[in-house]
$ cat protein_34.pdb   # PDB, C-alpha atoms, pLDDT in the B column
MODEL        1
ATOM      1  CA  MET N   1      -2.715 -21.894 -25.904  1.00 88.00           C
ATOM      2  CA  LYS N   2      -5.310 -24.445 -26.967  1.00 90.00           C
ATOM      3  CA  ILE N   3      -6.777 -24.463 -30.482  1.00 91.00           C
ATOM      4  CA  LYS N   4     -10.190 -23.356 -29.174  1.00 93.00           C
ATOM      5  CA  ASP N   5      -8.535 -20.414 -27.396  1.00 95.00           C
ATOM      6  CA  MET N   6      -6.520 -19.589 -30.521  1.00 96.00           C
ATOM      7  CA  LYS N   7      -9.691 -19.227 -32.588  1.00 96.00           C
ATOM      8  CA  GLN N   8     -11.223 -16.938 -29.968  1.00 97.00           C
ATOM      9  CA  ALA N   9      -7.952 -14.988 -29.710  1.00 97.00           C
ATOM     10  CA  VAL N  10      -7.965 -14.432 -33.489  1.00 97.00           C
ATOM     11  CA  PHE N  11     -11.546 -13.167 -33.259  1.00 95.00           C
ATOM     12  CA  LEU N  12     -10.525 -10.677 -30.549  1.00 95.00           C
ATOM     13  CA  LEU N  13      -7.464  -9.508 -32.485  1.00 95.00           C
ATOM     14  CA  SER N  14      -9.276  -9.085 -35.802  1.00 93.00           C
ATOM     15  CA  LYS N  15     -12.149  -7.260 -34.100  1.00 91.00           C
ATOM     16  CA  GLU N  16      -9.754  -4.843 -32.376  1.00 88.00           C
ATOM     17  CA  TRP N  17      -7.067  -4.090 -34.978  1.00 87.00           C
ATOM     18  CA  ASN N  18      -6.510  -3.952 -38.722  1.00 86.00           C
ATOM     19  CA  LEU N  19      -3.144  -5.828 -38.465  1.00 91.00           C
ATOM     20  CA  GLY N  20      -2.337  -5.134 -42.129  1.00 90.00           C
ATOM     21  CA  LYS N  21      -5.532  -6.609 -43.553  1.00 91.00           C
ATOM     22  CA  LYS N  22      -6.470  -3.488 -45.499  1.00 88.00           C
ATOM     23  CA  GLU N  23      -2.954  -2.824 -46.783  1.00 89.00           C
ATOM     24  CA  SER N  24      -2.479  -6.407 -47.975  1.00 93.00           C
ATOM     25  CA  GLY N  25      -6.019  -6.883 -49.322  1.00 94.00           C
ATOM     26  CA  ALA N  26      -6.424 -10.025 -47.238  1.00 94.00           C
ATOM     27  CA  THR N  27      -9.857 -11.616 -47.587  1.00 86.00           C
ATOM     28  CA  ASN N  28     -10.165 -13.252 -44.160  1.00 89.00           C
ATOM     29  CA  ASN N  29      -8.537 -13.259 -40.705  1.00 94.00           C
ATOM     30  CA  ILE N  30      -5.146 -14.428 -41.996  1.00 96.00           C
ATOM     31  CA  CYS N  31      -3.370 -11.302 -40.676  1.00 96.00           C
ATOM     32  CA  ALA N  32      -4.757 -11.916 -37.196  1.00 96.00           C
ATOM     33  CA  TRP N  33      -3.544 -15.539 -37.388  1.00 97.00           C
ATOM     34  CA  ILE N  34      -0.066 -14.339 -38.391  1.00 97.00           C
ATOM     35  CA  TYR N  35      -0.018 -11.866 -35.511  1.00 96.00           C
ATOM     36  CA  LEU N  36      -1.161 -14.552 -33.077  1.00 97.00           C
ATOM     37  CA  MET N  37       1.686 -16.834 -34.219  1.00 97.00           C
ATOM     38  CA  GLU N  38       4.136 -13.962 -33.558  1.00 96.00           C
ATOM     39  CA  ILE N  39       2.691 -13.547 -30.078  1.00 96.00           C
ATOM     40  CA  LEU N  40       2.922 -17.297 -29.412  1.00 96.00           C
ATOM     41  CA  GLU N  41       6.500 -17.312 -30.746  1.00 94.00           C
ATOM     42  CA  GLU N  42       7.748 -14.782 -28.245  1.00 93.00           C
ATOM     43  CA  THR N  43       5.500 -15.172 -25.197  1.00 95.00           C
ATOM     44  CA  GLU N  44       6.868 -16.878 -22.108  1.00 94.00           C
ATOM     45  CA  LYS N  45       3.620 -16.968 -20.100  1.00 95.00           C
ATOM     46  CA  PHE N  46       0.007 -15.883 -20.568  1.00 97.00           C
ATOM     47  CA  VAL N  47      -2.759 -14.690 -18.284  1.00 97.00           C
ATOM     48  CA  TYR N  48      -6.297 -15.336 -19.535  1.00 97.00           C
ATOM     49  CA  TYR N  49      -9.701 -13.871 -18.802  1.00 97.00           C
ATOM     50  CA  LYS N  50     -12.639 -16.161 -19.592  1.00 96.00           C
ATOM     51  CA  GLU N  51     -16.366 -16.208 -18.973  1.00 95.00           C
ATOM     52  CA  ASN N  52     -18.314 -19.454 -19.411  1.00 94.00           C
ATOM     53  CA  GLY N  53     -15.274 -20.996 -21.084  1.00 92.00           C
ATOM     54  CA  LYS N  54     -15.011 -18.232 -23.691  1.00 95.00           C
ATOM     55  CA  LEU N  55     -11.733 -16.353 -24.026  1.00 96.00           C
ATOM     56  CA  LEU N  56     -12.477 -12.633 -23.678  1.00 96.00           C
ATOM     57  CA  GLY N  57      -9.028 -11.286 -22.883  1.00 96.00           C
ATOM     58  CA  PHE N  58      -5.401 -12.289 -22.509  1.00 97.00           C
ATOM     59  CA  ALA N  59      -2.019 -10.827 -21.724  1.00 97.00           C
ATOM     60  CA  GLY N  60       1.514 -12.151 -22.009  1.00 97.00           C
ATOM     61  CA  TYR N  61       5.183 -11.339 -21.644  1.00 97.00           C
ATOM     62  CA  SER N  62       8.416 -12.446 -23.266  1.00 95.00           C
ATOM     63  CA  ASN N  63      11.711 -13.228 -21.554  1.00 94.00           C
ATOM     64  CA  ASN N  64      14.787 -12.339 -23.618  1.00 90.00           C
ATOM     65  CA  SER N  65      17.023 -14.791 -21.749  1.00 88.00           C
ATOM     66  CA  SER N  66      14.622 -17.754 -21.705  1.00 85.00           C
ATOM     67  CA  LYS N  67      15.639 -21.108 -23.115  1.00 79.00           C
ATOM     68  CA  LYS N  68      12.213 -22.682 -22.505  1.00 77.00           C
ATOM     69  CA  HIS N  69       9.608 -23.562 -25.120  1.00 79.00           C
ATOM     70  CA  ILE N  70      12.194 -23.625 -27.926  1.00 84.00           C
ATOM     71  CA  LEU N  71      10.424 -26.434 -29.826  1.00 87.00           C
ATOM     72  CA  LYS N  72       7.032 -24.723 -29.524  1.00 87.00           C
ATOM     73  CA  LYS N  73       8.528 -21.473 -30.749  1.00 89.00           C
ATOM     74  CA  LYS N  74       9.945 -23.251 -33.804  1.00 92.00           C
ATOM     75  CA  ILE N  75       6.518 -24.710 -34.558  1.00 94.00           C
ATOM     76  CA  TYR N  76       4.858 -21.292 -34.350  1.00 95.00           C
ATOM     77  CA  THR N  77       7.584 -19.813 -36.567  1.00 95.00           C
ATOM     78  CA  PHE N  78       7.001 -22.561 -39.131  1.00 96.00           C
ATOM     79  CA  ILE N  79       3.222 -21.987 -39.108  1.00 96.00           C
ATOM     80  CA  LYS N  80       3.709 -18.226 -39.431  1.00 96.00           C
ATOM     81  CA  LYS N  81       5.924 -18.666 -42.494  1.00 96.00           C
ATOM     82  CA  ARG N  82       3.290 -20.904 -44.073  1.00 96.00           C
ATOM     83  CA  LEU N  83       0.561 -18.362 -43.342  1.00 96.00           C
ATOM     84  CA  TYR N  84       2.566 -15.631 -45.067  1.00 96.00           C
ATOM     85  CA  LYS N  85       2.348 -17.728 -48.254  1.00 95.00           C
ATOM     86  CA  SER N  86      -1.466 -17.827 -48.157  1.00 95.00           C
ATOM     87  CA  LYS N  87      -3.311 -16.841 -51.332  1.00 94.00           C
ATOM     88  CA  SER N  88      -5.665 -14.854 -49.081  1.00 95.00           C
ATOM     89  CA  ILE N  89      -2.938 -12.175 -48.959  1.00 97.00           C
ATOM     90  CA  LYS N  90      -3.079 -10.151 -52.166  1.00 96.00           C
ATOM     91  CA  ASP N  91      -0.080  -7.881 -51.487  1.00 95.00           C
ATOM     92  CA  ILE N  92       2.561  -9.514 -49.294  1.00 96.00           C
ATOM     93  CA  ASN N  93       4.957  -6.574 -49.596  1.00 95.00           C
ATOM     94  CA  ALA N  94       2.314  -4.226 -48.203  1.00 92.00           C
ATOM     95  CA  LEU N  95       1.817  -6.556 -45.232  1.00 94.00           C
ATOM     96  CA  HIS N  96       5.560  -6.642 -44.526  1.00 94.00           C
ATOM     97  CA  GLU N  97       5.700  -2.864 -44.784  1.00 91.00           C
ATOM     98  CA  TYR N  98       2.774  -2.542 -42.365  1.00 89.00           C
ATOM     99  CA  ASN N  99       4.492  -4.812 -39.838  1.00 90.00           C
ATOM    100  CA  ASN N 100       7.811  -2.984 -40.221  1.00 89.00           C
ATOM    101  CA  ASN N 101       6.066   0.307 -39.406  1.00 87.00           C
ATOM    102  CA  TYR N 102       5.438  -1.035 -35.911  1.00 86.00           C
ATOM    103  CA  ASN N 103       9.037  -2.089 -35.337  1.00 89.00           C
ATOM    104  CA  TYR N 104      10.137   1.352 -34.219  1.00 90.00           C
ATOM    105  CA  MET N 105      12.364   0.778 -31.202  1.00 91.00           C
ATOM    106  CA  PRO N 106      15.531   2.923 -31.354  1.00 91.00           C
ATOM    107  CA  GLU N 107      18.891   1.156 -31.315  1.00 89.00           C
ATOM    108  CA  ASN N 108      19.858   2.635 -27.949  1.00 89.00           C
ATOM    109  CA  LEU N 109      16.903   0.900 -26.245  1.00 89.00           C
ATOM    110  CA  LYS N 110      17.178  -2.556 -27.813  1.00 84.00           C
ATOM    111  CA  GLU N 111      19.540  -4.047 -25.229  1.00 88.00           C
ATOM    112  CA  LYS N 112      18.017  -2.344 -22.210  1.00 92.00           C
ATOM    113  CA  TYR N 113      15.111  -4.648 -21.365  1.00 95.00           C
ATOM    114  CA  GLY N 114      14.702  -8.180 -20.068  1.00 94.00           C
ATOM    115  CA  GLY N 115      11.460  -8.741 -21.937  1.00 95.00           C
ATOM    116  CA  GLU N 116       8.303  -7.294 -23.435  1.00 95.00           C
ATOM    117  CA  VAL N 117       4.612  -7.176 -22.654  1.00 96.00           C
ATOM    118  CA  SER N 118       3.849  -9.128 -25.816  1.00 95.00           C
ATOM    119  CA  ILE N 119       0.065  -8.664 -25.752  1.00 96.00           C
ATOM    120  CA  LEU N 120      -2.744  -7.112 -23.749  1.00 95.00           C
ATOM    121  CA  ILE N 121      -6.225  -7.343 -25.198  1.00 95.00           C
ATOM    122  CA  LEU N 122      -9.705  -7.400 -23.707  1.00 94.00           C
ATOM    123  CA  ASP N 123     -13.124  -7.531 -25.315  1.00 94.00           C
ATOM    124  CA  SER N 124     -14.446  -3.989 -25.623  1.00 90.00           C
ATOM    125  CA  SER N 125     -17.641  -4.834 -23.725  1.00 92.00           C
ATOM    126  CA  LEU N 126     -15.604  -5.548 -20.577  1.00 93.00           C
ATOM    127  CA  ARG N 127     -13.439  -2.448 -20.459  1.00 87.00           C
ATOM    128  CA  GLY N 128     -13.582  -0.030 -17.551  1.00 89.00           C
ATOM    129  CA  LYS N 129     -14.051  -2.831 -15.014  1.00 93.00           C
ATOM    130  CA  GLY N 130     -10.422  -3.204 -13.961  1.00 92.00           C
ATOM    131  CA  ILE N 131      -9.965  -6.551 -15.744  1.00 95.00           C
ATOM    132  CA  GLY N 132      -7.173  -5.299 -18.018  1.00 93.00           C
ATOM    133  CA  LYS N 133      -5.323  -3.776 -15.077  1.00 95.00           C
ATOM    134  CA  LYS N 134      -5.587  -7.039 -13.151  1.00 96.00           C
ATOM    135  CA  MET N 135      -4.257  -9.072 -16.074  1.00 96.00           C
ATOM    136  CA  LEU N 136      -1.380  -6.652 -16.572  1.00 96.00           C
ATOM    137  CA  SER N 137      -0.557  -6.630 -12.840  1.00 96.00           C
ATOM    138  CA  ASN N 138      -0.463 -10.443 -12.932  1.00 97.00           C
ATOM    139  CA  ILE N 139       1.901 -10.298 -15.896  1.00 97.00           C
ATOM    140  CA  PHE N 140       4.223  -7.979 -13.989  1.00 97.00           C
ATOM    141  CA  GLU N 141       4.222 -10.354 -11.011  1.00 97.00           C
ATOM    142  CA  LEU N 142       4.960 -13.397 -13.181  1.00 97.00           C
ATOM    143  CA  ALA N 143       7.786 -11.593 -14.972  1.00 96.00           C
ATOM    144  CA  LYS N 144       9.268 -10.486 -11.658  1.00 96.00           C
ATOM    145  CA  LYS N 145       9.225 -14.090 -10.399  1.00 96.00           C
ATOM    146  CA  ASP N 146      10.965 -14.989 -13.652  1.00 95.00           C
ATOM    147  CA  ASN N 147      13.833 -12.675 -12.585  1.00 94.00           C
ATOM    148  CA  ILE N 148      13.069 -10.065 -15.221  1.00 95.00           C
ATOM    149  CA  LYS N 149      14.097  -6.601 -14.063  1.00 95.00           C
ATOM    150  CA  ASN N 150      12.184  -4.541 -16.615  1.00 96.00           C
ATOM    151  CA  LEU N 151       9.743  -4.868 -19.502  1.00 96.00           C
ATOM    152  CA  TYR N 152       8.979  -2.676 -22.487  1.00 95.00           C
ATOM    153  CA  ILE N 153       5.593  -2.160 -24.119  1.00 94.00           C
ATOM    154  CA  TYR N 154       4.765  -1.150 -27.695  1.00 92.00           C
ATOM    155  CA  THR N 155       1.497   0.770 -27.891  1.00 91.00           C
ATOM    156  CA  ASP N 156      -0.213   3.469 -29.938  1.00 86.00           C
ATOM    157  CA  ASP N 157      -3.297   5.646 -30.351  1.00 82.00           C
ATOM    158  CA  SER N 158      -5.472   2.650 -31.266  1.00 76.00           C
ATOM    159  CA  CYS N 159      -4.994   1.295 -27.724  1.00 79.00           C
ATOM    160  CA  ASN N 160      -5.870   2.559 -24.262  1.00 79.00           C
ATOM    161  CA  TYR N 161      -2.245   3.207 -23.366  1.00 82.00           C
ATOM    162  CA  HIS N 162      -3.219   5.167 -20.248  1.00 87.00           C
ATOM    163  CA  ILE N 163      -3.569   1.814 -18.499  1.00 91.00           C
ATOM    164  CA  TYR N 164       0.233   1.580 -18.525  1.00 92.00           C
ATOM    165  CA  GLU N 165       0.626   5.012 -16.971  1.00 92.00           C
ATOM    166  CA  ASN N 166      -1.904   4.088 -14.274  1.00 91.00           C
ATOM    167  CA  LEU N 167       0.221   1.058 -13.371  1.00 93.00           C
ATOM    168  CA  GLY N 168       3.474   2.981 -13.010  1.00 93.00           C
ATOM    169  CA  CYS N 169       4.950   2.553 -16.477  1.00 95.00           C
ATOM    170  CA  ASN N 170       7.028   5.356 -17.962  1.00 95.00           C
ATOM    171  CA  ARG N 171       6.903   6.558 -21.551  1.00 95.00           C
ATOM    172  CA  VAL N 172      10.432   6.427 -22.983  1.00 95.00           C
ATOM    173  CA  TYR N 173       9.849   6.951 -26.699  1.00 95.00           C
ATOM    174  CA  GLU N 174       7.289   8.431 -29.102  1.00 93.00           C
ATOM    175  CA  THR N 175       7.046   8.433 -32.891  1.00 92.00           C
ATOM    176  CA  ILE N 176       4.495   8.483 -35.720  1.00 89.00           C
ATOM    177  CA  VAL N 177       3.588   5.456 -37.835  1.00 85.00           C
ATOM    178  CA  GLU N 178       1.390   4.943 -40.893  1.00 76.00           C
ATOM    179  CA  ASN N 179      -1.796   2.963 -40.322  1.00 67.00           C
ATOM    180  CA  LYS N 180      -5.326   2.198 -41.464  1.00 59.00           C
ATOM    181  CA  GLU N 181      -6.975   1.687 -38.092  1.00 59.00           C
ATOM    182  CA  ASP N 182     -10.164   3.386 -39.276  1.00 56.00           C
ATOM    183  CA  GLU N 183     -12.462   1.799 -36.705  1.00 53.00           C
ATOM    184  CA  SER N 184     -10.344   2.948 -33.757  1.00 53.00           C
ATOM    185  CA  LEU N 185      -9.092   6.301 -34.985  1.00 47.00           C
ATOM    186  CA  GLY N 186     -11.418   7.514 -37.699  1.00 49.00           C
ATOM    187  CA  ASN N 187     -10.212   8.331 -41.202  1.00 54.00           C
ATOM    188  CA  THR N 188      -6.550   8.991 -40.424  1.00 61.00           C
ATOM    189  CA  LEU N 189      -3.382   7.867 -42.170  1.00 72.00           C
ATOM    190  CA  THR N 190      -0.984   8.126 -39.221  1.00 79.00           C
ATOM    191  CA  GLU N 191      -1.018   7.583 -35.484  1.00 82.00           C
ATOM    192  CA  HIS N 192       1.249   8.289 -32.554  1.00 86.00           C
ATOM    193  CA  ALA N 193       3.116   5.231 -31.323  1.00 90.00           C
ATOM    194  CA  TYR N 194       4.876   4.842 -27.995  1.00 93.00           C
ATOM    195  CA  ILE N 195       7.238   2.705 -25.996  1.00 94.00           C
ATOM    196  CA  TYR N 196       6.656   2.388 -22.261  1.00 95.00           C
ATOM    197  CA  GLU N 197       8.831   0.680 -19.708  1.00 96.00           C
ATOM    198  CA  LYS N 198       7.991  -1.015 -16.423  1.00 96.00           C
ATOM    199  CA  ASN N 199      10.681  -1.559 -13.830  1.00 96.00           C
ATOM    200  CA  LEU N 200       9.824  -4.603 -11.712  1.00 95.00           C
TER
ENDMDL
END
$ encode --input "protein_34.pdb" --output "structure tokens"
Amino acid sequence: MKIKDMKQAVFLLSKEWNLGKKESGATNNICAWIYLMEILEETEKFVYYKENGKLLGFAGYSNNSSKKHILKKKIYTFIKKRLYKSKSIKDINALHEYNNNYNYMPENLKEKYGGEVSILILDSSLRGKGIGKKMLSNIFELAKKDNIKNLYIYTDDSCNYHIYENLGCNRVYETIVENKEDESLGNTLTEHAYIYEKNL
């Protein structure tokens, strides 16, 4: 992902989700930058949606058995660690706790999948036009060509998770996590979180 696209990706992410900003008292988009580095760390391939050169949506998948992009992954890991040390983050423990809340996969599922849908995001003004479905379908095709047999997907009430059901994904797990996604969910302190799977 190019630097210009990264900046636009951070804008999309920070506009869509809290990402621990409220919990940590962060004063800028540092949490979105950290999340983007995590996505870049794990993602094998991306699909982008752009209009007039502006990034308005992207999707990606990881491959658990991949040996490619090792150097790039190390660079993103290094940058992420540096970002975690930013003075913009007032409460680093709260940010870690927020992130840990979304790491809810049960032990019995951890070895089952060949990879993950690492991200699916689209500007809210473009939803309902089939763009997200097309990006996700392209991701499934790319993963299949990469010899991945199945993918898992983390999602929750702050996302339109019905898109996964419409594309033949099955819900395999449900739990409740703490959150502060006020813009998406109203004034709530918890949300339902899910794991879906897609057999390719």
$ atom_distance --input "protein_34.pdb" --atom1 "CA of Lys81 (chain N)" --atom2 "CA of Lys7 (chain N)"
18.5 Å
$ closest_residue --input "protein_34.pdb" --among "N:Asp91, N:Glu165, N:Asp156, N:Asp123" --to "Val177 (chain N)" --atoms "only C-alpha atoms"
N:Asp156
$ closest_residue --input "protein_34.pdb" --among "N:His162, N:Arg171, N:Lys129, N:Lys90" --to "Ser24 (chain N)" --atoms "all atoms listed in the file"
N:Lys90
$ residues_around --input "protein_34.pdb" --residues "region 44-60 of chain N" --least-positions-apart "4" --cutoff "8 Å" --atoms "only C-alpha atoms" --output "list of chain:residue names"
N:Asp5, N:Gln8, N:Ala9, N:Leu12, N:Ser66, N:Lys68, N:His69, N:Val117, N:Ser118, N:Ile119, N:Leu120, N:Ile121, N:Leu122, N:Asp123, N:Ile131, N:Gly132, N:Met135, N:Leu136, N:Asn138, N:Ile139, N:Leu142
$ residues_around --input "protein_34.pdb" --residues "Ser14 (chain N)" --least-positions-apart "4" --cutoff "10 Å" --atoms "only C-alpha atoms" --output "NGL selection string"
:N and (8-10 or 18-19 or 21 or 28-33 or 35)
$ residues_around --input "protein_34.pdb" --residues "Asn103 (chain N)" --least-positions-apart "4" --cutoff "12 Å" --atoms "only C-alpha atoms" --output "PyMOL selection string"
chain N and resi 96-99+107+110+153-155+175-178+193-195
$ closest_residue --input "protein_34.pdb" --among "N:Asn170, N:Asn64, N:Asn93, N:Asn160" --to "Ser124 (chain N)" --atoms "only C-alpha atoms"
N:Asn160
$ closest_residue --input "protein_34.pdb" --among "N:Ile148, N:Ile34, N:Cys169, N:Ile39" --to "Gly115 (chain N)" --atoms "all atoms listed in the file"
N:Ile148
$ atom_distance --input "protein_34.pdb" --atom1 "CA of Tyr76 (chain N)" --atom2 "CA of Met1 (chain N)"
11.4 Å
$ atom_distance --input "protein_34.pdb" --atom1 "CA of Met6 (chain N)" --atom2 "CA of Lys73 (chain N)"
15.2 Å
$ resolve_selection --input "protein_34.pdb" --expression "the PyMOL selection byres ((chain N and resi 200) around 12)" --output "VMD selection string"
chain N and resid 113 to 115 137 to 152 167 to 169 197 to 199
